[in-house]
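A.B. asks: Got target32.cif for you, mmCIF, C-alpha atoms:
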```cif
data_start
loop_
_atom_site.label_atom_id
_atom_site.label_comp_id
_atom_site.auth_asym_id
_atom_site.auth_seq_id
_atom_site.Cartn_x
_atom_site.Cartn_y
_atom_site.Cartn_z
CA MET W 5 -58.38 62.31 102.67
CA SER W 6 -55.52 64.72 101.89
CA ALA W 7 -52.29 64.78 103.92
CA PRO W 8 -51.98 67.62 106.41
CA THR W 9 -49.85 70.54 105.27
CA HIS W 10 -47.21 72.18 107.49
CA GLU W 11 -46.73 75.88 107.15
CA PRO W 12 -43.09 76.96 107.27
CA GLN W 13 -42.23 78.50 110.63
CA ARG W 14 -42.20 82.25 110.45
CA PRO W 15 -38.98 83.94 111.60
CA PRO W 16 -39.19 86.06 114.73
CA SER W 17 -39.58 89.78 114.37
CA VAL W 18 -36.38 91.80 114.26
CA ASP W 19 -37.27 93.60 117.48
CA ALA W 20 -38.11 90.38 119.36
CA LEU W 21 -34.87 88.73 118.25
CA ALA W 22 -32.87 91.84 119.19
CA ARG W 23 -34.40 91.83 122.67
CA SER W 24 -33.63 88.13 123.10
CA ILE W 25 -29.89 88.80 122.74
CA ALA W 26 -29.92 91.86 125.03
CA PRO W 27 -27.89 90.00 127.73
CA THR W 28 -24.83 90.49 125.50
CA GLY W 29 -24.85 94.08 126.79
CA LEU W 30 -24.65 95.71 123.37
CA PRO W 31 -26.74 98.83 122.63
CA HIS W 32 -30.17 98.08 121.21
CA PRO W 33 -29.55 99.72 117.78
CA ILE W 34 -26.57 97.41 117.23
CA LEU W 35 -28.62 94.39 118.36
CA VAL W 36 -31.31 95.34 115.83
CA ASP W 37 -28.72 95.36 113.03
CA ILE W 38 -27.38 91.98 114.15
CA ALA W 39 -30.88 90.50 114.38
CA ARG W 40 -31.74 91.77 110.92
CA GLU W 41 -28.54 90.24 109.48
CA ALA W 42 -29.32 86.87 111.11
CA ILE W 43 -32.89 86.83 109.77
CA GLU W 44 -31.81 87.85 106.27
CA ALA W 45 -29.24 85.04 106.34
CA GLY W 46 -32.06 82.60 107.11
CA ASP W 47 -30.50 81.67 110.46
CA PRO W 48 -32.08 83.65 113.32
CA TYR W 49 -30.53 81.24 115.82
CA SER W 50 -27.10 82.63 114.87
CA ALA W 51 -27.94 86.05 116.33
CA SER W 52 -26.39 85.29 119.71
CA ASP W 53 -23.11 84.14 118.16
CA ARG W 54 -23.12 87.14 115.84
CA ALA W 55 -23.56 89.46 118.82
CA ARG W 56 -20.69 87.81 120.65
CA THR W 57 -18.50 88.08 117.55
CA PHE W 58 -19.32 91.77 117.25
CA ARG W 59 -18.55 92.43 120.91
CA ARG W 60 -15.11 90.92 120.46
CA THR W 61 -14.35 93.48 117.74
CA LEU W 62 -14.55 96.20 120.42
CA LEU W 63 -11.67 97.13 122.71
CA THR W 64 -11.45 94.23 125.15
CA PRO W 65 -9.30 93.59 128.24
CA VAL W 66 -7.01 90.59 127.75
CA VAL W 67 -4.36 88.68 129.66
CA ASN W 68 -0.98 89.16 128.02
CA ALA W 69 0.86 85.84 128.43
CA THR W 70 3.22 86.41 125.49
CA GLY W 71 6.21 87.39 127.61
CA VAL W 72 6.43 90.67 125.67
CA LEU W 73 5.91 93.18 128.45
CA LEU W 74 5.29 96.18 126.19
CA HIS W 75 3.28 94.51 123.46
CA THR W 76 2.41 97.17 120.88
CA ASN W 77 -0.68 95.26 119.67
CA LEU W 78 -1.91 94.97 123.25
CA GLY W 79 -1.55 98.64 124.17
CA ARG W 80 2.11 98.64 125.28
CA ALA W 81 2.47 99.58 128.97
CA PRO W 82 -0.48 98.38 131.05
CA ILE W 83 -1.81 101.23 133.17
CA SER W 84 -4.60 101.65 135.69
CA HIS W 85 -6.04 105.13 135.96
CA HIS W 86 -9.33 106.38 137.34
CA GLN W 87 -10.62 109.86 137.93
CA GLU W 88 -13.94 111.19 139.10
CA ALA W 89 -16.30 112.90 136.68
CA ALA W 90 -15.26 116.34 137.86
CA ALA W 91 -13.77 119.50 136.45
CA SER W 92 -9.97 119.71 136.56
CA THR W 93 -7.37 122.45 136.32
CA VAL W 94 -6.26 121.38 132.84
CA GLU W 95 -5.83 125.02 131.78
CA PHE W 96 -6.66 126.96 134.93
CA ASP W 97 -4.31 128.73 137.34
CA LEU W 98 -5.65 128.41 140.89
CA ALA W 99 -3.36 131.17 142.19
CA SER W 100 -4.50 133.87 139.75
CA GLY W 101 -7.92 132.55 138.83
CA ALA W 102 -7.01 133.10 135.18
CA ARG W 103 -6.37 130.77 132.28
CA GLY W 104 -3.28 128.66 132.82
CA SER W 105 -0.99 126.45 130.72
CA ARG W 106 -2.00 122.92 129.80
CA GLN W 107 1.69 122.00 130.04
CA ALA W 108 2.50 123.49 133.44
CA ALA W 109 1.49 120.77 135.89
CA VAL W 110 2.93 117.70 134.17
CA GLY W 111 5.72 119.60 132.45
CA GLN W 112 7.29 120.66 135.75
CA LEU W 113 7.28 117.06 137.00
CA PHE W 114 9.00 115.67 133.91
CA ALA W 115 11.51 118.51 133.90
CA ARG W 116 12.44 117.50 137.44
CA LEU W 117 12.58 113.80 136.57
CA CYS W 118 14.80 114.41 133.53
CA GLY W 119 17.06 117.03 135.11
CA ALA W 120 15.86 119.52 132.50
CA GLU W 121 14.90 123.20 132.59
CA ALA W 122 11.45 122.54 131.13
CA ALA W 123 9.26 119.86 129.57
CA MET W 124 6.02 119.51 127.66
CA VAL W 125 3.71 116.71 126.52
CA VAL W 126 2.16 115.82 123.16
CA ASN W 127 0.15 112.79 122.09
CA ASN W 128 3.00 110.43 121.09
CA ASN W 129 6.72 110.43 120.39
CA ALA W 130 6.30 110.76 116.63
CA ALA W 131 4.38 113.96 117.34
CA ALA W 132 7.17 115.10 119.67
CA VAL W 133 9.81 114.68 116.95
CA LEU W 134 7.57 116.35 114.35
CA LEU W 135 6.89 119.33 116.62
CA VAL W 136 10.55 119.86 117.52
CA LEU W 137 11.59 119.73 113.86
CA ALA W 138 8.80 122.09 112.79
CA ALA W 139 9.36 124.58 115.62
CA LEU W 140 13.15 124.68 115.45
CA GLY W 141 14.11 123.49 111.99
CA ALA W 142 11.50 124.52 109.41
CA GLY W 143 13.24 125.96 106.35
CA ARG W 144 16.66 125.02 107.72
CA ASP W 145 18.99 122.01 107.61
CA VAL W 146 19.12 119.14 110.12
CA PRO W 147 22.09 116.74 109.90
CA VAL W 148 21.22 113.10 110.70
CA SER W 149 23.51 110.07 110.53
CA ARG W 150 22.63 107.72 107.67
CA GLY W 151 22.64 104.93 110.25
CA GLU W 152 19.90 106.75 112.18
CA SER W 153 17.67 107.74 109.24
CA VAL W 154 15.44 104.86 110.17
CA GLU W 155 11.92 103.51 109.91
CA ILE W 156 10.36 102.66 113.24
CA GLY W 157 7.06 100.78 113.64
CA GLY W 158 3.90 102.08 111.99
CA SER W 159 5.77 103.51 108.97
CA PHE W 160 7.39 106.25 111.07
CA ARG W 161 10.29 107.20 108.82
CA VAL W 162 12.73 109.92 109.82
CA PRO W 163 13.01 111.34 106.25
CA ASP W 164 9.21 111.50 105.92
CA VAL W 165 8.75 113.23 109.27
CA MET W 166 11.54 115.63 108.37
CA GLU W 167 9.78 116.48 105.10
CA GLN W 168 6.44 117.08 106.81
CA SER W 169 8.09 119.40 109.34
CA GLY W 170 9.58 121.64 106.66
CA ALA W 171 13.15 120.93 107.76
CA ARG W 172 15.75 119.72 105.25
CA LEU W 173 17.48 116.42 105.94
CA VAL W 174 21.27 116.39 105.58
CA ASP W 175 22.69 112.85 105.41
CA VAL W 176 25.85 112.41 107.45
CA GLY W 177 28.39 109.58 107.46
CA THR W 178 27.53 106.05 106.38
CA THR W 179 25.03 103.40 107.38
CA ASN W 180 27.39 101.68 109.78
CA ARG W 181 29.91 104.37 110.78
CA THR W 182 29.40 108.06 111.50
CA ARG W 183 32.11 110.10 113.22
CA LEU W 184 32.15 113.56 114.78
CA ASP W 185 34.14 114.91 111.82
CA ASP W 186 31.33 113.79 109.49
CA TYR W 187 28.91 116.05 111.37
CA ARG W 188 31.41 118.89 111.54
CA ARG W 189 32.07 118.83 107.81
CA ALA W 190 28.34 118.81 107.08
CA ILE W 191 27.69 121.76 109.38
CA ASP W 192 30.63 123.78 108.07
CA LYS W 193 29.53 123.59 104.42
CA PRO W 194 28.68 127.11 103.20
CA ASP W 195 25.31 126.02 101.81
CA VAL W 196 24.21 124.32 105.06
CA ASP W 197 22.19 126.28 107.64
CA ALA W 198 22.09 123.81 110.51
CA ALA W 199 19.26 124.40 112.97
CA MET W 200 20.25 121.41 115.09
CA VAL W 201 21.76 117.95 114.96
CA LEU W 202 19.20 115.17 115.33
CA LYS W 203 20.32 111.92 116.96
CA VAL W 204 17.84 109.06 116.67
CA HIS W 205 18.05 105.91 118.78
CA PRO W 206 17.36 102.97 116.40
CA SER W 207 15.15 101.39 119.02
CA ASN W 208 13.72 98.37 117.21
CA TYR W 209 16.86 96.90 115.67
CA ARG W 210 20.55 96.57 116.38
CA VAL W 211 23.56 96.86 114.05
CA GLU W 212 26.66 94.98 115.16
CA GLY W 213 30.14 94.43 113.80
CA PHE W 214 32.12 97.15 112.03
CA VAL W 215 30.10 100.06 113.44
CA GLU W 216 30.73 103.44 115.03
CA GLU W 217 28.44 106.18 116.21
CA THR W 218 28.96 109.62 117.69
CA SER W 219 27.80 110.18 121.25
CA VAL W 220 25.62 113.04 122.43
CA ARG W 221 28.53 114.32 124.52
CA GLU W 222 30.67 114.59 121.40
CA LEU W 223 27.87 116.15 119.33
CA ALA W 224 27.35 118.80 122.01
CA THR W 225 30.75 120.29 121.10
CA LEU W 226 29.60 121.27 117.60
CA GLY W 227 28.01 124.57 118.55
CA VAL W 228 24.45 123.77 117.42
CA PRO W 229 21.64 122.31 119.56
CA VAL W 230 21.58 118.53 119.81
CA VAL W 231 18.10 116.95 119.81
CA ALA W 232 18.13 113.30 120.90
CA ASP W 233 15.14 111.10 120.15
CA ILE W 234 15.78 108.41 122.76
CA GLY W 235 12.51 106.67 121.91
CA SER W 236 11.82 104.19 124.68
CA GLY W 237 11.54 106.62 127.56
CA LEU W 238 13.98 105.35 130.16
CA ILE W 239 14.07 108.21 132.66
CA ASP W 240 17.31 107.44 134.52
CA ALA W 241 19.92 104.80 133.66
CA ASN W 242 20.50 104.24 137.39
CA CYS W 243 16.86 103.16 137.93
CA PRO W 244 16.74 104.62 141.47
CA TRP W 245 13.14 103.41 141.83
CA LEU W 246 14.27 99.74 141.72
CA PRO W 247 15.91 97.83 144.56
CA GLY W 248 19.51 96.94 143.74
CA ALA W 249 21.38 97.58 140.51
CA PRO W 250 19.68 98.42 137.20
CA PRO W 251 18.63 95.32 135.18
CA ALA W 252 21.41 93.99 132.96
CA TRP W 253 19.18 94.14 129.87
CA LEU W 254 19.09 97.94 130.13
CA VAL W 255 22.81 98.33 129.44
CA GLY W 256 23.25 100.65 126.47
CA GLU W 257 19.67 101.95 126.54
CA PRO W 258 19.77 105.78 126.40
CA ALA W 259 18.13 107.54 129.35
CA ALA W 260 16.67 111.04 129.47
CA ARG W 261 18.53 112.26 132.55
CA GLN W 262 21.97 111.15 131.35
CA THR W 263 21.35 112.34 127.78
CA ILE W 264 20.54 115.85 128.98
CA ALA W 265 23.52 115.78 131.34
CA ASP W 266 25.70 114.87 128.35
CA GLY W 267 24.67 118.07 126.60
CA ALA W 268 21.49 117.37 124.64
CA ALA W 269 19.45 120.55 124.21
CA LEU W 270 16.26 118.50 123.97
CA VAL W 271 15.25 114.86 124.37
CA THR W 272 12.06 113.28 123.09
CA PHE W 273 10.61 109.95 124.20
CA SER W 274 7.46 107.84 124.50
CA GLY W 275 5.22 107.72 127.52
CA ASP W 276 3.95 104.16 127.05
CA LYS W 277 7.22 102.25 126.76
CA LEU W 278 9.88 102.08 129.48
CA LEU W 279 8.23 104.99 131.29
CA GLY W 280 5.25 102.70 131.83
CA GLY W 281 2.56 105.38 131.40
CA PRO W 282 -0.11 106.21 128.82
CA GLN W 283 0.55 106.89 125.16
CA ALA W 284 2.24 110.29 125.00
CA GLY W 285 5.35 112.03 123.75
CA ILE W 286 7.55 114.02 126.12
CA ILE W 287 9.87 116.86 125.08
CA ALA W 288 12.35 117.92 127.78
CA GLY W 289 15.41 120.17 127.85
CA ARG W 290 16.28 123.84 127.45
CA ALA W 291 13.48 126.17 128.51
CA ASP W 292 13.81 128.48 125.51
CA LEU W 293 13.53 125.59 123.03
CA VAL W 294 10.60 124.00 124.86
CA GLU W 295 8.90 127.39 124.83
CA ARG W 296 9.34 127.67 121.06
CA CYS W 297 7.73 124.24 120.70
CA MET W 298 4.81 125.32 122.91
CA ARG W 299 4.22 128.43 120.78
CA HIS W 300 4.21 126.59 117.45
CA PRO W 301 0.74 126.16 115.85
CA LEU W 302 1.21 122.37 115.70
CA ALA W 303 1.38 122.24 119.51
CA ARG W 304 -2.38 122.74 119.75
CA ALA W 305 -3.11 120.01 117.19
CA LEU W 306 -0.81 117.58 119.00
CA ARG W 307 -1.72 118.37 122.60
CA PRO W 308 -3.01 115.62 124.92
CA GLY W 309 -6.30 115.64 126.77
CA GLY W 310 -6.95 115.81 130.48
CA LEU W 311 -7.15 112.01 130.92
CA VAL W 312 -3.66 111.50 129.48
CA LEU W 313 -2.23 114.38 131.51
CA ALA W 314 -3.75 113.01 134.72
CA ALA W 315 -2.37 109.51 134.04
CA LEU W 316 1.06 110.96 133.26
CA GLN W 317 0.96 112.98 136.46
CA GLU W 318 0.27 109.83 138.47
CA THR W 319 3.15 108.09 136.69
CA ALA W 320 5.57 110.95 137.30
CA LEU W 321 4.65 111.19 140.98
CA ALA W 322 5.24 107.45 141.38
CA TYR W 323 8.79 107.92 140.07
CA LEU W 324 9.47 110.94 142.27
CA ASP W 325 8.17 109.02 145.30
CA LYS W 326 10.30 106.02 144.26
CA ARG W 327 7.10 103.94 144.07
CA ALA W 328 7.54 102.98 140.43
CA ALA W 329 8.70 99.44 141.24
CA THR W 330 5.30 98.73 142.78
CA ASP W 331 2.91 101.34 141.38
CA VAL W 332 3.95 101.35 137.71
CA PRO W 333 2.79 97.94 136.40
CA PHE W 334 5.58 97.63 133.84
CA TRP W 335 8.30 98.00 136.46
CA ALA W 336 6.39 95.74 138.86
CA MET W 337 6.59 93.02 136.17
CA VAL W 338 10.30 93.71 135.66
CA ALA W 339 11.02 93.60 139.40
CA THR W 340 9.25 90.27 140.04
CA PRO W 341 11.88 87.65 141.02
CA VAL W 342 12.10 84.57 138.81
CA ALA W 343 11.53 82.43 141.91
CA ASP W 344 8.10 84.03 142.36
CA LEU W 345 7.23 83.36 138.71
CA ARG W 346 8.29 79.73 139.13
CA ARG W 347 6.08 79.29 142.20
CA ARG W 348 3.12 80.71 140.30
CA ALA W 349 3.79 78.45 137.32
CA ASP W 350 4.06 75.37 139.57
CA ALA W 351 0.77 76.30 141.26
CA ILE W 352 -1.02 76.61 137.92
CA VAL W 353 0.40 73.29 136.73
CA ASP W 354 -0.77 71.55 139.92
CA VAL W 355 -4.35 72.74 139.35
CA VAL W 356 -4.54 72.21 135.57
CA ALA W 357 -2.58 68.94 135.25
CA GLU W 358 -5.69 66.74 135.39
CA HIS W 359 -7.03 68.56 132.32
CA HIS W 360 -3.68 68.88 130.50
CA PRO W 361 -1.45 65.89 131.42
CA THR W 362 1.36 67.33 129.26
CA ILE W 363 1.49 70.69 131.02
CA GLU W 364 4.74 71.69 132.72
CA ALA W 365 6.43 74.74 134.20
CA ILE W 366 9.55 75.78 132.31
CA ALA W 367 12.13 78.56 132.23
CA MET W 368 11.54 81.20 129.57
CA GLU W 369 13.00 84.45 128.25
CA ALA W 370 10.76 87.52 128.30
CA LEU W 371 11.21 90.66 126.19
CA PRO W 372 10.81 94.34 127.07
CA GLY W 373 8.97 94.88 123.77
CA ALA W 374 7.83 97.94 121.78
CA GLY W 375 11.31 98.36 120.33
CA SER W 376 12.88 98.90 123.76
CA ALA W 377 16.33 97.35 124.28
CA PRO W 378 16.26 95.41 120.98
CA GLY W 379 17.85 91.98 120.99
CA VAL W 380 17.89 91.56 124.77
CA THR W 381 15.80 89.34 127.04
CA MET W 382 15.16 88.89 130.74
CA PRO W 383 14.86 85.57 132.61
CA SER W 384 11.33 84.41 133.22
CA PHE W 385 9.19 81.38 133.98
CA GLY W 386 5.94 80.10 132.56
CA ILE W 387 3.88 77.18 131.33
CA GLU W 388 4.15 74.92 128.32
CA VAL W 389 1.27 72.78 127.06
CA ALA W 390 1.32 70.25 124.22
CA GLY W 391 -0.68 71.32 121.18
CA ASP W 392 -1.66 74.68 119.74
CA HIS W 393 -4.36 76.15 122.00
CA LEU W 394 -3.98 79.79 120.92
CA ALA W 395 -7.44 80.10 119.35
CA ALA W 396 -9.17 78.45 122.31
CA LEU W 397 -7.37 80.72 124.78
CA ARG W 398 -8.30 83.78 122.74
CA ASP W 399 -11.92 82.59 122.75
CA HIS W 400 -12.09 82.59 126.55
CA GLU W 401 -14.45 85.05 128.25
CA THR W 402 -11.40 87.10 129.17
CA PRO W 403 -9.11 86.35 126.22
CA VAL W 404 -5.65 85.01 127.03
CA ILE W 405 -3.01 85.89 124.46
CA ALA W 406 -0.17 83.36 124.36
CA ARG W 407 2.35 82.14 121.77
CA SER W 408 3.15 78.78 120.22
CA ARG W 409 6.26 76.98 119.04
CA ASP W 410 6.68 73.49 117.59
CA ASP W 411 3.04 72.59 118.35
CA ARG W 412 3.44 73.69 121.96
CA THR W 413 1.54 76.53 123.63
CA LEU W 414 3.66 78.83 125.80
CA LEU W 415 2.36 81.18 128.50
CA ASP W 416 5.02 83.46 130.02
CA LEU W 417 4.08 84.73 133.49
CA ARG W 418 6.48 87.69 133.46
CA SER W 419 3.87 89.69 131.52
CA VAL W 420 0.89 88.41 133.56
CA ALA W 421 -0.39 90.17 136.67
CA VAL W 422 -0.55 87.77 139.62
CA ASP W 423 -4.28 88.44 139.99
CA ASP W 424 -4.80 87.03 136.48
CA ASP W 425 -3.42 83.56 137.24
CA GLY W 426 -6.97 82.38 137.95
CA ILE W 427 -8.06 83.50 134.48
CA ILE W 428 -5.25 81.45 132.96
CA ILE W 429 -6.34 78.40 134.95
CA ASP W 430 -9.95 78.76 133.78
CA ALA W 431 -8.89 79.37 130.18
CA LEU W 432 -6.65 76.29 130.13
CA ARG W 433 -9.43 74.13 131.57
CA VAL W 434 -11.89 75.34 128.93
CA ALA W 435 -9.29 74.91 126.19
CA ALA W 436 -8.76 71.30 127.27
CA SER W 437 -12.48 70.54 127.07
CA SER W 438 -12.77 72.09 123.63
#
```
Before anything else, please render the file you have as structure tokens.
C.D. replies:
Amino acid sequence: MSAPTHEPQRPPSVDALARSIAPTGLPHPILVDIAREAIEAGDPYSASDRARTFRRTLLTPVVNATGVLLHTNLGRAPISHHQEAAASTVEFDLASGARGSRQAAVGQLFARLCGAEAAMVVNNNAAAVLLVLAALGAGRDVPVSRGESVEIGGSFRVPDVMEQSGARLVDVGTTNRTRLDDYRRAIDKPDVDAAMVLKVHPSNYRVEGFVEETSVRELATLGVPVVADIGSGLIDANCPWLPGAPPAWLVGEPAARQTIADGAALVTFSGDKLLGGPQAGIIAGRADLVERCMRHPLARALRPGGLVLAALQETALAYLDKRAATDVPFWAMVATPVADLRRRADAIVDVVAEHHPTIEAIAMEALPGAGSAPGVTMPSFGIEVAGDHLAALRDHETPVIARSRDDRTLLDLRSVAVDDDGIIIDALRVAASS
């Protein structure tokens, strides 16, 4: 009598396997592709893990426990914005019933905030600098200090942007020292047709020692417009929206209001850094120069959409109402007392200690981030756990992004919303079990 034969088990159909992993919430066509890949790999049981892996390649909310408040890789300033699915007056004038300006609503608010005659919005600060140079300096010369002819994150290089705009870069001074006379001599050369002087804040590094730079107030005496790229987007050095004095770590950070008061014809800055809003670039200053920027063909290519304008409007109104310390999440994180952070850290330690016996609450130093106020920190408090748990924390249902040092995992609560402490507790428990 012959031994029974066992037929190899047939793999499930692609459609059946795709439907079995539907709880992942991915669209069915993507699930079909994932199911087909799993079957072709000879491992249909891997489909669920493959679906989860794919989902984590999409934009995903995370808890930022790095202590870098404006983390470029995590979207810089955290914002919360919601609007109904309704038409909006993006380019409509309610008074006349005719087409209006996309820049009018938000532009007037930022002009008021900055103490400027006018303002406009584009999609990021690099675009703001490019537009200003193209609108005001194409075919002409723009003196820039050699110490400010910089590269800022994402390969944004001042000489490259200058070239793309059609303006001609004129190097002034030296890398470490540039005086007013250096600018004056450059402007007075018979072969130089200066459209403006561009001053760039080297926001993501600091040069110390034998250095000298020329202030906006001094540059404003030269007789040509001064355009100041202040980068980080601090609106007012006095921080009137915060209780008490401005934070010590802001000392030396250029602010839009004071830069314009010092004589800058235009300032440009980011919307998603110290302003605490969405990604955008703001141009503020003299009305005639802002108007020239608005009329340039690049303005249409660089304009923001209605969602960004609405989020910026909310941000601007929070400043004007002096609600920024509570309603702009970045400034809410800045304004949180260290004592509150310590209480939160102690509470997390009390709950998680049975899972992580080595956990403790410790003092930390948080960073503004995104190139804002380079080289400075602010006091903070957080949690330290023995071992490197970064991967396990990232693998949590809501990923927690932390940092490690000397085989210790550090979670800084300055950059964590208080409502997310529970997520950190759950993530640490799961990390301990794994």
A.B. asks: If you measure from atom CA of W:Asn77 to atom CA of W:Phe114, what distance in Å do you get, rounded to one decimal?
C.D. replies: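 Calculated distance between atom CA of W:Asn77 and atom CA of W:Phe114 is 26.7 Å.
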A.B. asks: Can you tell me which residues surround stretch 216-221 of chain W at a distance of at most 7 Å, considering all atoms listed in the file, apart from same-chain residues fewer than 4 positions away, and format the answer as a list in words?
C.D. replies: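 Using all atoms listed in the file, the neighbours found are Asn180, Arg181, Thr182, Arg183, Leu184, Thr263, Asp266, Gly267 and Ala268 of chain W.
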A.B. asks: Taking into account all atoms listed in the file, which residue in the set W:Asp19, W:Asp350, W:Glu388, W:Asp240 is nearest to W:Gly119?
C.D. replies: W:Asp240
A.B. asks: Atom CA of W:Phe273 and atom CA of W:Val204 are how many Å apart?
C.D. replies: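 Computing it gives 10.5 Å between the two atoms.
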A.B. asks: Would you translate the PyMOL selection byres ((chain W and resi 425-437) around 9) into the concrete set of residues it matches in this file, as a ChimeraX atom specification?
C.D. replies: /W:67,69,348-349,352-353,355-356,359-360,393-404,415,417,420-424,438
A.B. asks: Counting all atoms listed in the file, which residues have an atom no more than 9 Å from (12.2, 90.0, 127.5) in the file's coordinates? Please list them as a count of residues only.
C.D. replies: 16
A.B. asks: Expand the PyMOL selection byres ((chain W and resi 45-56) around 10) into the individual residues it matches in the shown file, reporting them as a count of residues only.
C.D. replies: 29
A.B. asks: If I take atom CA of W:Thr272 and atom CA of W:Ser419, how far is one from the other in Å, to one decimal?
C.D. replies: 26.4 Å
A.B. asks: Pick from W:Pro247, W:Asp197, W:Leu306, W:Arg412: nearest to W:Ala339, with all atoms listed in the file counted?
C.D. replies: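 Using all atoms listed in the file, W:Ala339 sits closest to W:Pro247.
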A.B. asks: Could you spell out the hits of the PyMOL selection byres ((chain W and resi 270) around 8) on the shown file, as a short mmCIF file (atom, residue, chain, number, x, y, z; two decimals) with C-alpha atoms, in the frame of the given file?
C.D. replies:
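Saved as out.cif:
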```
data_model
loop_
_atom_site.label_atom_id
_atom_site.label_comp_id
_atom_site.auth_asym_id
_atom_site.auth_seq_id
_atom_site.Cartn_x
_atom_site.Cartn_y
_atom_site.Cartn_z
CA PRO W 229 21.64 122.31 119.56
CA VAL W 230 21.58 118.53 119.81
CA VAL W 231 18.10 116.95 119.81
CA ALA W 232 18.13 113.30 120.90
CA ILE W 264 20.54 115.85 128.98
CA ALA W 268 21.49 117.37 124.64
CA ALA W 269 19.45 120.55 124.21
CA VAL W 271 15.25 114.86 124.37
CA THR W 272 12.06 113.28 123.09
CA ILE W 287 9.87 116.86 125.08
CA ALA W 288 12.35 117.92 127.78
CA GLY W 289 15.41 120.17 127.85
CA ARG W 290 16.28 123.84 127.45
CA LEU W 293 13.53 125.59 123.03
CA VAL W 294 10.60 124.00 124.86
#
```
A.B. asks: Neighbouring residues of W:Glu152 were defined as those with any atom within 10 Å, considering all atoms listed in the file; residues of the same chain fewer than 6 positions away were excluded. Please report them as a list of chain:residue names.
C.D. replies: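 Final neighbour list, sorted by chain and number: W:Val162, W:Asp175, W:Val176, W:Thr178, W:Thr179, W:Asn180, W:Thr182, W:Leu202, W:Lys203, W:Val204, W:His205, W:Pro206, W:Ser207, W:Glu217.
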A.B. asks: Taking into account all atoms listed in the file, which residue in the set W:Asp186, W:Asp195, W:Asp292, W:Asp164 is nearest to W:Pro147?
C.D. replies: W:Asp186
A.B. asks: Which residue out of W:Ser84, W:Ser274, W:Asn68, W:Gln112 has the minimum interatomic distance to W:Val126 when all atoms listed in the file are used?
C.D. replies: W:Ser274
A.B. asks: Find the axis-aligned box for stretch 254-268 of chain W, covering all its listed atoms and adding 3 Å on each side, and write its centre and edge lengths in Å to one decimal as JSON.
C.D. replies:
```
{"center_x": 21.2, "center_y": 108.0, "center_z": 128.6, "size_x": 15.0, "size_y": 26.1, "size_z": 13.9}
```
A.B. asks: With distances taken over only C-alpha atoms, which of W:Pro244, W:Arg188, W:Lys193, W:Thr413 is nearest to W:Ala224?
C.D. replies: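 So, comparing all the options, the nearest one is W:Arg188.
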A.B. asks: Have a look at W:Pro333, W:Arg106, W:Met166, W:Pro258 and name the one nearest to W:Val154; count only C-alpha atoms.
C.D. replies: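 Closest to W:Val154 of all the choices is W:Met166.
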A.B. asks: Where atoms are missing, can you supply N, CA and C atoms for stretch 197-208 of chain W and output the lot as a PDB file, in the coordinates of the input?
C.D. replies:
```
ATOM      1  N   ASP W 197      22.635 125.436 106.524  1.00  0.00           N
ATOM      2  CA  ASP W 197      22.190 126.280 107.640  1.00  0.00           C
ATOM      3  C   ASP W 197      21.619 125.359 108.713  1.00  0.00           C
ATOM      4  N   ALA W 198      22.488 124.841 109.552  1.00  0.00           N
ATOM      5  CA  ALA W 198      22.090 123.810 110.510  1.00  0.00           C
ATOM      6  C   ALA W 198      21.322 124.406 111.687  1.00  0.00           C
ATOM      7  N   ALA W 199      20.079 123.966 111.829  1.00  0.00           N
ATOM      8  CA  ALA W 199      19.260 124.400 112.970  1.00  0.00           C
ATOM      9  C   ALA W 199      19.576 123.585 114.207  1.00  0.00           C
ATOM     10  N   MET W 200      19.987 122.350 113.999  1.00  0.00           N
ATOM     11  CA  MET W 200      20.250 121.410 115.090  1.00  0.00           C
ATOM     12  C   MET W 200      20.915 120.186 114.497  1.00  0.00           C
ATOM     13  N   VAL W 201      21.376 119.306 115.351  1.00  0.00           N
ATOM     14  CA  VAL W 201      21.760 117.950 114.960  1.00  0.00           C
ATOM     15  C   VAL W 201      20.744 117.011 115.604  1.00  0.00           C
ATOM     16  N   LEU W 202      20.172 116.126 114.811  1.00  0.00           N
ATOM     17  CA  LEU W 202      19.200 115.170 115.330  1.00  0.00           C
ATOM     18  C   LEU W 202      19.858 113.808 115.485  1.00  0.00           C
ATOM     19  N   LYS W 203      19.813 113.276 116.706  1.00  0.00           N
ATOM     20  CA  LYS W 203      20.320 111.920 116.960  1.00  0.00           C
ATOM     21  C   LYS W 203      19.136 111.027 117.286  1.00  0.00           C
ATOM     22  N   VAL W 204      18.996 109.946 116.534  1.00  0.00           N
ATOM     23  CA  VAL W 204      17.840 109.060 116.670  1.00  0.00           C
ATOM     24  C   VAL W 204      18.314 107.702 117.173  1.00  0.00           C
ATOM     25  N   HIS W 205      17.722 107.246 118.269  1.00  0.00           N
ATOM     26  CA  HIS W 205      18.050 105.910 118.780  1.00  0.00           C
ATOM     27  C   HIS W 205      17.304 104.870 117.941  1.00  0.00           C
ATOM     28  N   PRO W 206      18.029 103.999 117.229  1.00  0.00           N
ATOM     29  CA  PRO W 206      17.360 102.970 116.400  1.00  0.00           C
ATOM     30  C   PRO W 206      16.777 101.881 117.285  1.00  0.00           C
ATOM     31  N   SER W 207      15.612 102.173 117.884  1.00  0.00           N
ATOM     32  CA  SER W 207      15.150 101.390 119.020  1.00  0.00           C
ATOM     33  C   SER W 207      14.670  99.994 118.699  1.00  0.00           C
ATOM     34  N   ASN W 208      14.277  99.698 117.453  1.00  0.00           N
ATOM     35  CA  ASN W 208      13.720  98.370 117.210  1.00  0.00           C
ATOM     36  C   ASN W 208      14.626  97.464 116.385  1.00  0.00           C
TER      37      ASN W 208
END
```
